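Colleague: My structure file query_36.cif, mmCIF, C-alpha atoms, is below:
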```cif
data_model
loop_
_atom_site.label_atom_id
_atom_site.label_comp_id
_atom_site.auth_asym_id
_atom_site.auth_seq_id
_atom_site.Cartn_x
_atom_site.Cartn_y
_atom_site.Cartn_z
CA MET A 1 246.48 90.19 205.74
CA LYS A 2 246.29 87.36 203.32
CA ASN A 3 242.68 86.36 203.56
CA PHE A 4 239.32 87.37 204.88
CA GLU A 5 239.50 85.02 207.88
CA GLU A 6 242.58 86.88 209.08
CA MET A 7 240.69 90.17 208.78
CA GLN A 8 237.86 88.63 210.74
CA SER A 9 240.18 87.63 213.58
CA ILE A 10 241.63 91.17 213.74
CA TRP A 11 238.08 92.53 213.74
CA LYS A 12 237.01 90.26 216.57
CA GLY A 13 240.07 91.26 218.57
CA GLN A 14 238.60 94.72 219.11
CA ASN A 15 235.54 93.37 220.91
CA ASP A 16 237.23 93.59 224.30
CA GLU A 17 238.53 97.07 223.67
CA LYS A 18 236.55 100.17 224.51
CA LEU A 19 236.55 102.45 221.48
CA PHE A 20 234.63 105.28 223.10
CA ALA A 21 233.32 106.35 226.49
CA VAL A 22 229.70 107.42 226.77
CA ASP A 23 228.49 110.21 229.02
CA ASN A 24 225.15 108.68 230.04
CA THR A 25 223.80 111.83 231.70
CA ALA A 26 224.47 113.97 228.62
CA LEU A 27 223.04 111.27 226.37
CA HIS A 28 219.78 111.08 228.34
CA ALA A 29 219.51 114.87 228.32
CA TYR A 30 219.97 114.84 224.54
CA ILE A 31 217.34 112.14 224.00
CA LYS A 32 214.88 113.90 226.29
CA HIS A 33 215.39 117.13 224.39
CA LYS A 34 215.21 115.64 220.87
CA GLY A 35 212.44 113.25 221.79
CA ARG A 36 210.24 116.18 222.67
CA THR A 37 211.01 118.41 219.75
CA THR A 38 211.19 115.96 216.85
CA ARG A 39 208.24 113.69 217.39
CA SER A 40 207.11 112.06 214.22
CA LEU A 41 205.66 114.64 211.86
CA LEU A 42 202.81 112.40 210.89
CA GLU A 43 201.74 111.52 214.43
CA LEU A 44 201.91 115.15 215.51
CA PHE A 45 199.95 116.37 212.51
CA GLU A 46 197.20 113.80 213.08
CA TRP A 47 196.85 114.56 216.78
CA ILE A 48 196.72 118.30 216.15
CA MET A 49 194.04 117.82 213.48
CA ILE A 50 191.98 115.46 215.64
CA ALA A 51 192.16 117.72 218.69
CA LEU A 52 191.59 120.96 216.81
CA ASN A 53 188.56 119.70 214.88
CA LEU A 54 187.11 118.08 217.98
CA LEU A 55 187.58 121.25 220.01
CA VAL A 56 186.03 123.56 217.40
CA GLY A 57 183.18 121.09 216.81
CA VAL A 58 182.37 120.81 220.52
CA VAL A 59 182.56 124.59 221.08
CA LEU A 60 180.22 125.27 218.15
CA ALA A 61 177.85 122.48 219.21
CA VAL A 62 177.67 123.83 222.77
CA ASP A 63 177.08 127.30 221.38
CA PHE A 64 174.27 125.96 219.19
CA LEU A 65 172.61 124.12 222.09
CA ARG A 66 172.85 127.15 224.40
CA ASP A 67 171.27 129.52 221.90
CA ASN A 68 168.73 126.96 220.71
CA GLY A 69 169.73 128.17 217.21
CA SER A 70 168.39 127.38 213.75
CA GLY A 71 169.17 124.12 211.96
CA TYR A 72 171.78 125.54 209.57
CA ARG A 73 174.01 126.35 212.53
CA LEU A 74 174.47 122.64 213.07
CA ILE A 75 176.31 122.27 209.75
CA LEU A 76 179.65 123.53 211.02
CA PRO A 77 179.89 121.61 214.33
CA VAL A 78 178.80 118.40 212.60
CA THR A 79 181.40 118.98 209.86
CA TYR A 80 184.19 119.52 212.37
CA LEU A 81 183.22 116.51 214.49
CA ALA A 82 182.99 114.35 211.37
CA PHE A 83 186.51 115.47 210.35
CA SER A 84 187.86 114.59 213.75
CA ALA A 85 186.34 111.10 213.58
CA TYR A 86 187.50 110.61 209.99
CA ILE A 87 191.12 111.58 210.78
CA LEU A 88 191.08 109.21 213.77
CA LEU A 89 189.83 106.42 211.49
CA ARG A 90 192.54 107.16 208.90
CA ARG A 91 195.14 107.10 211.67
CA LEU A 92 194.00 103.64 212.84
CA LYS A 93 194.08 102.37 209.26
CA ARG A 94 197.56 103.81 208.74
CA GLN A 95 198.87 102.17 211.91
CA ALA A 96 197.45 98.81 210.83
CA LYS A 97 199.17 99.13 207.44
CA GLU A 98 202.48 100.21 208.97
CA ALA A 99 202.54 97.17 211.23
CA ARG A 100 202.71 94.96 208.13
CA PHE A 101 206.24 95.99 207.14
CA LYS A 102 208.94 93.47 207.96
CA PRO A 103 211.52 94.34 210.63
CA THR A 104 214.43 94.39 208.19
CA LEU A 105 216.54 97.12 206.63
CA LEU A 106 214.54 96.83 203.43
CA GLY A 107 211.31 96.75 205.46
CA GLU A 108 212.33 99.97 207.24
CA LEU A 109 213.06 101.60 203.89
CA ASP A 110 209.74 100.43 202.46
CA ARG A 111 207.98 101.77 205.53
CA ALA A 112 209.73 105.16 205.26
CA ILE A 113 208.84 105.40 201.54
CA TRP A 114 205.26 104.37 202.28
CA GLN A 115 205.02 107.03 205.02
CA ILE A 116 206.19 109.74 202.63
CA ASP A 117 203.71 108.52 200.01
CA TYR A 118 201.01 108.64 202.66
CA LEU A 119 201.93 112.24 203.56
CA ILE A 120 201.92 113.23 199.89
CA ARG A 121 198.54 111.55 199.29
CA GLN A 122 197.17 113.12 202.42
CA GLY A 123 198.35 116.58 201.36
CA GLN A 124 196.90 116.17 197.89
CA THR A 125 193.53 114.70 198.92
CA MET A 126 193.05 117.04 201.88
CA MET A 127 191.88 119.67 199.43
CA ILE A 128 188.97 117.41 198.51
CA TRP A 129 187.99 115.90 201.84
CA TYR A 130 188.91 118.74 204.17
CA VAL A 131 189.38 122.21 202.67
CA LEU A 132 186.50 122.17 200.15
CA PRO A 133 183.82 120.80 202.56
CA LEU A 134 185.03 123.21 205.24
CA VAL A 135 184.85 126.20 202.92
CA LEU A 136 181.41 125.03 201.74
CA ALA A 137 180.13 124.64 205.30
CA LEU A 138 181.53 128.08 206.25
CA SER A 139 180.00 129.67 203.17
CA ILE A 140 176.54 128.18 203.87
CA THR A 141 176.69 129.35 207.49
CA MET A 142 177.72 132.85 206.41
CA PHE A 143 175.02 132.92 203.75
CA TYR A 144 172.31 132.06 206.30
CA ASN A 145 173.81 134.55 208.73
CA GLN A 146 173.32 137.14 205.98
CA LYS A 147 176.93 138.24 206.10
CA SER A 148 178.31 140.41 203.30
CA LEU A 149 179.85 138.57 200.35
CA TRP A 150 183.13 140.30 201.19
CA THR A 151 183.42 138.32 204.41
CA LEU A 152 183.56 135.21 202.22
CA VAL A 153 186.77 136.38 200.53
CA PRO A 154 189.22 135.29 203.27
CA THR A 155 187.39 131.97 203.49
CA LEU A 156 187.62 131.37 199.75
CA ALA A 157 191.25 132.48 199.79
CA LEU A 158 191.93 129.38 201.89
CA ILE A 159 191.57 127.22 198.76
CA PRO A 160 194.52 128.58 196.73
CA ILE A 161 196.62 129.13 199.86
CA CYS A 162 196.20 125.49 200.90
CA TYR A 163 196.65 124.23 197.35
CA PHE A 164 199.93 126.04 196.70
CA GLY A 165 201.17 125.57 200.27
CA VAL A 166 200.74 121.80 200.04
CA ARG A 167 202.35 121.69 196.58
CA TRP A 168 205.36 123.64 197.86
CA GLU A 169 205.70 121.37 200.89
CA ILE A 170 205.54 118.23 198.75
CA ASN A 171 208.09 119.46 196.19
CA LYS A 172 210.46 120.96 198.73
CA TRP A 173 210.53 118.25 201.39
CA TYR A 174 208.78 115.02 200.60
CA LEU A 175 209.70 114.28 196.97
CA PRO A 176 213.50 114.76 197.37
CA LYS A 177 213.45 112.63 200.51
CA LYS A 178 211.40 109.95 198.77
CA ARG A 179 213.75 109.91 195.76
CA ASP A 180 216.72 109.54 198.08
CA LEU A 181 215.15 106.61 199.91
CA GLU A 182 214.19 104.96 196.62
CA LEU A 183 217.78 105.25 195.37
CA LEU A 184 219.01 103.62 198.54
CA ARG A 185 216.41 100.89 198.17
CA GLU A 186 217.56 100.26 194.60
CA LYS A 187 221.16 99.95 195.80
CA LEU A 188 220.15 97.51 198.49
CA ILE A 189 218.43 95.18 196.05
CA ALA A 190 220.69 95.99 193.08
CA GLN A 191 221.90 92.44 192.51
CA GLU A 192 218.56 90.82 193.26
CA THR A 193 217.60 90.39 189.63
CA GLN A 194 221.09 89.49 188.47
CA SER A 195 221.79 86.88 191.13
CA MET B 1 205.40 101.81 227.64
CA ASP B 2 206.22 104.33 230.35
CA GLY B 3 209.34 106.48 230.23
CA ARG B 4 211.00 104.76 233.19
CA LYS B 5 210.74 101.32 231.62
CA GLN B 6 211.96 102.72 228.29
CA LYS B 7 214.99 104.27 230.02
CA GLN B 8 215.72 100.98 231.78
CA VAL B 9 215.66 99.02 228.50
CA PHE B 10 217.76 101.68 226.76
CA ASP B 11 220.41 101.68 229.49
CA GLU B 12 220.58 97.89 229.43
CA TRP B 13 220.92 97.79 225.64
CA LEU B 14 223.62 100.42 225.66
CA SER B 15 225.57 98.84 228.47
CA ARG B 16 225.51 95.35 226.90
CA HIS B 17 225.70 96.16 223.22
CA LYS B 18 227.47 99.50 222.94
CA GLY B 19 230.27 97.69 221.09
CA ILE B 20 227.92 97.23 218.11
CA VAL B 21 227.05 100.92 218.06
CA PHE B 22 230.69 101.97 218.39
CA LYS B 23 231.79 99.78 215.50
CA ILE B 24 229.08 101.17 213.27
CA VAL B 25 229.87 104.74 214.32
CA ARG B 26 233.55 104.22 213.49
CA ALA B 27 232.80 102.54 210.17
CA TYR B 28 230.42 105.24 208.95
CA ALA B 29 231.76 108.47 210.49
CA PHE B 30 235.36 109.58 210.56
CA SER B 31 235.80 112.92 212.28
CA PRO B 32 235.03 113.41 216.02
CA HIS B 33 232.22 115.77 215.01
CA ASP B 34 230.61 113.21 212.71
CA GLN B 35 231.11 110.36 215.15
CA GLU B 36 229.39 112.36 217.88
CA ASP B 37 226.56 113.29 215.52
CA LEU B 38 226.02 109.73 214.28
CA PHE B 39 226.23 108.26 217.77
CA GLN B 40 223.53 110.65 218.96
CA GLU B 41 221.33 109.87 215.96
CA ILE B 42 221.67 106.10 216.48
CA SER B 43 220.97 106.47 220.21
CA LEU B 44 217.87 108.51 219.46
CA GLN B 45 216.56 105.96 216.94
CA LEU B 46 217.27 103.10 219.36
CA TRP B 47 215.34 104.94 222.06
CA ARG B 48 212.39 105.49 219.72
CA SER B 49 212.44 101.87 218.57
CA ILE B 50 212.03 100.44 222.07
CA PRO B 51 208.18 100.49 222.10
CA ASP B 52 208.22 98.52 218.80
CA PHE B 53 210.57 95.83 220.13
CA ARG B 54 208.48 92.68 220.68
CA GLY B 55 211.34 90.39 221.65
CA GLU B 56 210.96 88.27 218.50
CA ALA B 57 214.60 88.98 217.58
CA LYS B 58 217.63 89.09 219.86
CA PRO B 59 218.30 92.63 221.19
CA SER B 60 221.74 92.55 219.53
CA THR B 61 220.17 91.80 216.12
CA TRP B 62 217.58 94.53 216.64
CA ILE B 63 220.25 97.06 217.67
CA TYR B 64 222.43 96.11 214.71
CA ARG B 65 219.54 96.61 212.28
CA ILE B 66 218.43 99.97 213.70
CA ALA B 67 222.02 101.23 213.89
CA LEU B 68 222.86 100.15 210.33
CA TYR B 69 219.67 101.68 208.95
CA THR B 70 220.32 104.95 210.78
CA ALA B 71 223.97 105.05 209.69
CA THR B 72 223.12 104.35 206.04
CA LEU B 73 220.57 107.18 205.98
CA TRP B 74 222.93 109.43 207.92
CA VAL B 75 225.68 109.01 205.30
CA ARG B 76 223.26 110.00 202.51
CA LYS B 77 221.99 112.97 204.49
CA GLU B 78 225.53 114.14 205.26
CA LYS B 79 226.50 113.87 201.59
CA ARG B 80 223.53 115.99 200.57
CA GLN B 81 223.47 118.42 203.47
CA PRO B 82 226.55 118.24 205.72
CA SER B 83 226.01 119.32 209.30
CA THR B 84 227.47 122.77 209.94
CA ARG B 85 227.04 122.68 213.70
CA PRO B 86 230.49 123.17 215.28
CA LEU B 87 231.70 120.44 217.61
CA ALA B 88 231.89 122.99 220.43
CA ASP B 89 228.12 123.57 220.14
CA MET B 90 227.22 119.89 220.28
CA GLU B 91 226.15 118.02 223.37
CA HIS B 92 229.18 115.92 224.35
CA THR B 93 227.99 112.37 224.77
CA LEU B 94 230.95 110.49 223.35
CA THR B 95 234.68 110.60 224.05
CA VAL B 96 237.35 108.72 222.16
CA THR B 97 239.27 106.63 224.67
CA ALA B 98 243.00 106.14 224.46
CA ARG B 99 243.39 102.88 222.65
CA GLN B 100 246.31 100.74 221.69
CA ASP B 101 247.76 101.31 218.30
CA HIS B 102 246.25 98.78 215.92
CA ASP B 103 247.59 99.50 212.48
CA ARG B 104 245.81 96.58 210.89
CA LEU B 105 242.48 97.35 212.54
CA ASP B 106 242.76 101.01 211.54
CA TRP B 107 243.53 99.91 207.99
CA LEU B 108 240.45 97.66 208.02
CA TYR B 109 238.21 100.49 209.19
CA GLU B 110 239.68 102.72 206.52
CA GLN B 111 238.85 100.19 203.82
CA ILE B 112 235.36 99.55 205.16
CA GLY B 113 234.80 103.30 205.16
CA GLN B 114 235.47 103.39 201.44
CA LEU B 115 232.75 100.88 200.60
CA GLU B 116 229.26 101.91 199.51
CA PRO B 117 227.00 102.35 202.60
CA VAL B 118 224.98 99.21 201.81
CA ASP B 119 228.09 97.11 201.19
CA ARG B 120 229.50 98.48 204.43
CA SER B 121 226.50 96.98 206.26
CA VAL B 122 227.13 93.60 204.65
CA CYS B 123 230.84 93.79 205.47
CA LEU B 124 230.29 94.64 209.15
CA LEU B 125 227.79 91.82 209.58
CA LEU B 126 230.11 89.39 207.86
CA LEU B 127 233.12 90.39 209.95
CA ASP B 128 230.99 89.92 213.06
CA GLY B 129 230.30 86.37 212.00
CA PHE B 130 226.67 86.57 210.87
CA SER B 131 225.64 83.89 208.38
CA TYR B 132 224.32 84.68 204.89
CA LYS B 133 220.83 83.80 206.09
CA GLU B 134 221.10 86.11 209.11
CA ILE B 135 222.41 88.95 206.95
CA ALA B 136 219.62 88.36 204.43
CA ASP B 137 217.01 88.36 207.22
CA MET B 138 218.41 91.53 208.72
CA LEU B 139 218.63 93.45 205.47
CA GLY B 140 215.46 92.00 203.92
CA ILE B 141 217.16 90.79 200.72
CA SER B 142 217.68 87.29 199.34
CA GLU B 143 220.57 85.05 200.39
CA SER B 144 221.83 84.94 196.81
CA ASN B 145 221.93 88.73 196.73
CA VAL B 146 223.87 88.70 200.00
CA GLY B 147 226.22 86.20 198.35
CA VAL B 148 226.92 88.59 195.49
CA LYS B 149 227.57 91.51 197.84
CA VAL B 150 229.77 89.40 200.14
CA HIS B 151 231.81 88.11 197.21
CA ARG B 152 232.33 91.63 195.86
CA THR B 153 233.24 93.04 199.28
CA LYS B 154 235.70 90.23 200.08
CA GLN B 155 237.36 90.60 196.70
CA GLN B 156 237.74 94.33 197.21
CA LEU B 157 239.25 93.95 200.70
CA ILE B 158 241.65 91.19 199.68
CA TYR B 159 242.74 93.16 196.61
CA LYS B 160 243.41 96.23 198.74
CA SER B 161 245.35 94.20 201.32
CA LYS B 162 247.59 92.83 198.57
CA GLU B 163 248.31 96.38 197.48
CA VAL B 164 249.81 97.24 200.87
CA GLN B 165 251.38 93.82 201.45
CA PRO B 166 252.77 92.57 198.18
#
```
Take the structure in the file and write it out as C-alpha cells.
Modeller:
Amino acid sequence: MKNFEEMQSIWKGQNDEKLFAVDNTALHAYIKHKGRTTRSLLELFEWIMIALNLLVGVVLAVDFLRDNGSGYRLILPVTYLAFSAYILLRRLKRQAKEARFKPTLLGELDRAIWQIDYLIRQGQTMMIWYVLPLVLALSITMFYNQKSLWTLVPTLALIPICYFGVRWEINKWYLPKKRDLELLREKLIAQETQS
Amino acid sequence: MDGRKQKQVFDEWLSRHKGIVFKIVRAYAFSPHDQEDLFQEISLQLWRSIPDFRGEAKPSTWIYRIALYTATLWVRKEKRQPSTRPLADMEHTLTVTARQDHDRLDWLYEQIGQLEPVDRSVCLLLLDGFSYKEIADMLGISESNVGVKVHRTKQQLIYKSKEVQP
C-alpha cells in the first residue's frame, strides 16, 4: 500500500462483506436483562429517594391526622414531604442541565464528567440538606415523645455512618472514574492548543 | 417511548448499520471474547440512546458516535480492569463468519488496533470517507485539531506500510 487512498479503497471493499453474524434473539434477551439491572445509578437513586420520602411522609401524615395528634408530630411528615419535593426539583434541574451538552464525543465525555461531579456534590451536600435536618426532626420528635436519651443514639449514629459511607463511595468509585474520563478528555483535545 | 417502538428502531438500526458496529468492534477488540463483550456493550448503549435520538443527525452518524464513545471507554476499562468472565459463560450474540482471506485488510486492522483509542476513532472516520468538518462535529473538537490527528495517523500508517513493502 503506497498511500492512504489505497488503504481507503481496501477499507471500503469490506463494506459488502459480513464480518459477523448476529443472533438477534440472544441480543434482545441480553439487552432486556442488562436494561433492567443496570439502569442509570443516578436515576434509580433519585426515584428511590423521592418514593421513599413521599411514602414515609404520607404514612406519618395520615397517622397524625387519624390520631389528631399534637403539633410537634407534624415536623417529621412535613420534613419527609419537603425532601421528596426538593429531590424532584433537583432532578428536573439536573435534566435541564444535562440536555445542554452537545451530541458529540466530547459532549458525551463532558456530560459523563458532569454527572460524576453531580453525584459527588450530591453525596457531600446530602449531609447538610438531608441527614442533619432528618436527625434534627427525629430528635425533636423523640424529645417531645419523652423517649430516653439512649434511643437517640442510633439516630445520631446515622451522621458518622453517612459521612464515612459517602466518603468511601466517592473515593472508591467516583473519583477514579472521573480521573479516567478527564484523561480521555485531555487526549481528545490534546492538540487543540497547539494547532 | 414504549418498548415496542424502541425495539423496532433498534432492529432497524442494527439491520441497516451493523457494518459500522462490526468495524468498530474489530478495530477495538481482538479476541472473540472481547469482540463479543464490546459488541454487547455497544448494542446496549445504542438501545439506551434511542429515546434521546431526535433525528437531527443521520442514524448512521448517531450510531458511529455512540459506538466510538462506547469503544473508547471500553478500551480504558479493559486496560484497568480486564473482564474475567469466560467466553463459555457469556451470552452468545455474535459469531465470526467465514470470510475471504484479506491480508491487506487484516494488516490495516492490525495497524489501526495499535493506535491510541482517540486516534483510532479519527482513523476509522477518515477511512469511511467523513470530511474533517464531519469528524470535528462528531468528536466535538476543532477542524484544525482533527487535521493534526489525521496528519499524524496517516503518517503512521504510511510509515508502517513502507516497513512491510519496501
Colleague: Could you name the residues that touch Val135 (chain A) at 9 Å or less, counting all atoms listed in the file, but leaving out those on the same chain fewer than 4 positions away, as a CSV table (one decimal) with C-alpha atoms, keeping the file's coordinate frame?
Modeller:
```csv
chain,number,residue,atom,x,y,z
A,130,TYR,CA,188.9,118.7,204.2
A,131,VAL,CA,189.4,122.2,202.7
A,139,SER,CA,180.0,129.7,203.2
A,140,ILE,CA,176.5,128.2,203.9
A,155,THR,CA,187.4,132.0,203.5
A,156,LEU,CA,187.6,131.4,199.8
A,158,LEU,CA,191.9,129.4,201.9
A,159,ILE,CA,191.6,127.2,198.8
```
Colleague: Go through chain A and flag each residue having an atom no more than 6 Å from chain B; for those, report the closest pair of atoms plus their distance in Å to one decimal, using all atoms listed in the file, ordered by chain and rising number, as JSON lines.
Modeller:
```
{"residue": "A:Gln8", "atom": "CA", "partner": "B:Leu127", "partner_atom": "CA", "distance": 5.1}
{"residue": "A:Leu19", "atom": "CA", "partner": "B:Thr97", "partner_atom": "CA", "distance": 5.9}
{"residue": "A:Phe20", "atom": "CA", "partner": "B:Val96", "partner_atom": "CA", "distance": 4.5}
{"residue": "A:Ala21", "atom": "CA", "partner": "B:Thr95", "partner_atom": "CA", "distance": 5.1}
{"residue": "A:Val22", "atom": "CA", "partner": "B:Leu94", "partner_atom": "CA", "distance": 4.8}
{"residue": "A:Asp23", "atom": "CA", "partner": "B:Thr93", "partner_atom": "CA", "distance": 4.8}
{"residue": "A:Ala26", "atom": "CA", "partner": "B:Thr93", "partner_atom": "CA", "distance": 5.5}
{"residue": "A:Leu27", "atom": "CA", "partner": "B:Thr93", "partner_atom": "CA", "distance": 5.3}
{"residue": "A:Ile31", "atom": "CA", "partner": "B:Leu44", "partner_atom": "CA", "distance": 5.8}
{"residue": "A:Thr104", "atom": "CA", "partner": "B:Met138", "partner_atom": "CA", "distance": 4.9}
{"residue": "A:Leu105", "atom": "CA", "partner": "B:Leu139", "partner_atom": "CA", "distance": 4.4}
{"residue": "A:Leu106", "atom": "CA", "partner": "B:Gly140", "partner_atom": "CA", "distance": 4.9}
{"residue": "A:Gln191", "atom": "CA", "partner": "B:Asn145", "partner_atom": "CA", "distance": 5.6}
{"residue": "A:Glu192", "atom": "CA", "partner": "B:Asn145", "partner_atom": "CA", "distance": 5.3}
{"residue": "A:Ser195", "atom": "CA", "partner": "B:Asn145", "partner_atom": "CA", "distance": 5.9}
```
Colleague: Distance CA of Ile48 (chain A)-CA of Leu134 (chain A), one decimal place?
Modeller: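 Interatomic distance here is 16.7 Å.
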Colleague: Write out as a list in words the residues lying within 12 Å of Lys97 (chain A), counting all atoms listed in the file and excluding same-chain residues fewer than 3 positions away.
Modeller: Arg90, Arg91, Leu92, Lys93, Arg94, Arg100, Phe101, Lys102, Asp110, Arg111, Trp114, Gln115 and Tyr118 of chain A
Colleague: Within 10 Å of Val166 (chain A), counting only C-alpha atoms, which residues show up once you throw out same-chain ones fewer than 2 positions away? Write them as a PyMOL selection string, please.
Modeller: chain A and resi 120+122-124+126-127+160-164+168-172
Colleague: Okay, now the selection with C-alpha atoms, as a short mmCIF file (atom, residue, chain, number, x, y, z; two decimals), in the frame of the given file?
Modeller:
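out26.cif written:
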```cif
data_model
loop_
_atom_site.label_atom_id
_atom_site.label_comp_id
_atom_site.auth_asym_id
_atom_site.auth_seq_id
_atom_site.Cartn_x
_atom_site.Cartn_y
_atom_site.Cartn_z
CA ILE A 120 201.92 113.23 199.89
CA GLN A 122 197.17 113.12 202.42
CA GLY A 123 198.35 116.58 201.36
CA GLN A 124 196.90 116.17 197.89
CA MET A 126 193.05 117.04 201.88
CA MET A 127 191.88 119.67 199.43
CA PRO A 160 194.52 128.58 196.73
CA ILE A 161 196.62 129.13 199.86
CA CYS A 162 196.20 125.49 200.90
CA TYR A 163 196.65 124.23 197.35
CA PHE A 164 199.93 126.04 196.70
CA TRP A 168 205.36 123.64 197.86
CA GLU A 169 205.70 121.37 200.89
CA ILE A 170 205.54 118.23 198.75
CA ASN A 171 208.09 119.46 196.19
CA LYS A 172 210.46 120.96 198.73
#
```
Colleague: Between CA of Arg167 (chain A) and CA of Leu136 (chain A), measure the distance and give it in Å to one decimal.
Modeller: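 CA of Leu136 (chain A) lies at a distance of 21.8 Å from CA of Arg167 (chain A).
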Colleague: Just give me the gap between CA of Ile50 (chain B) and CA of Pro103 (chain A) in Å, one decimal is fine.
Modeller: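 Computing the Euclidean distance for CA of Ile50 (chain B) and CA of Pro103 (chain A) yields 13.0 Å.
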Colleague: Name the residues that the PyMOL selection byres ((chain A and resi 178) around 10) picks from the file above, as an MDAnalysis selection string, using the file's chain letters and numbers.
Modeller: chainID A and resid 109 112:117 173:177 179:184
Colleague: Would you mind telling me which residue in B:Arg54, B:Gln6, B:Asp37, B:Val122 lies nearest to Val25 (chain B) when using only C-alpha atoms?
Modeller: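 The answer is B:Asp37, which sits nearest to Val25 (chain B).
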Colleague: List the residues selected by the PyMOL selection byres ((chain A and resi 57) around 8) in the file shown, writing them as an NGL selection string.
Modeller: :A and (53-56 or 58-61 or 76-81)
Colleague: Given the file shown, enumerate the residues that the PyMOL selection byres ((chain A and resi 71-73) around 10) captures and present them as a list in words.
Modeller: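 With the shown file as input, the PyMOL selection byres ((chain A and resi 71-73) around 10) matches Leu60, Ala61, Asp63, Phe64, Leu65, Asn68, Gly69, Ser70, Leu74, Ile75, Leu76, Pro77, Val78, Ala137, Leu138, Ile140, Thr141, Met142, Phe143, Tyr144 and Asn145 of chain A.
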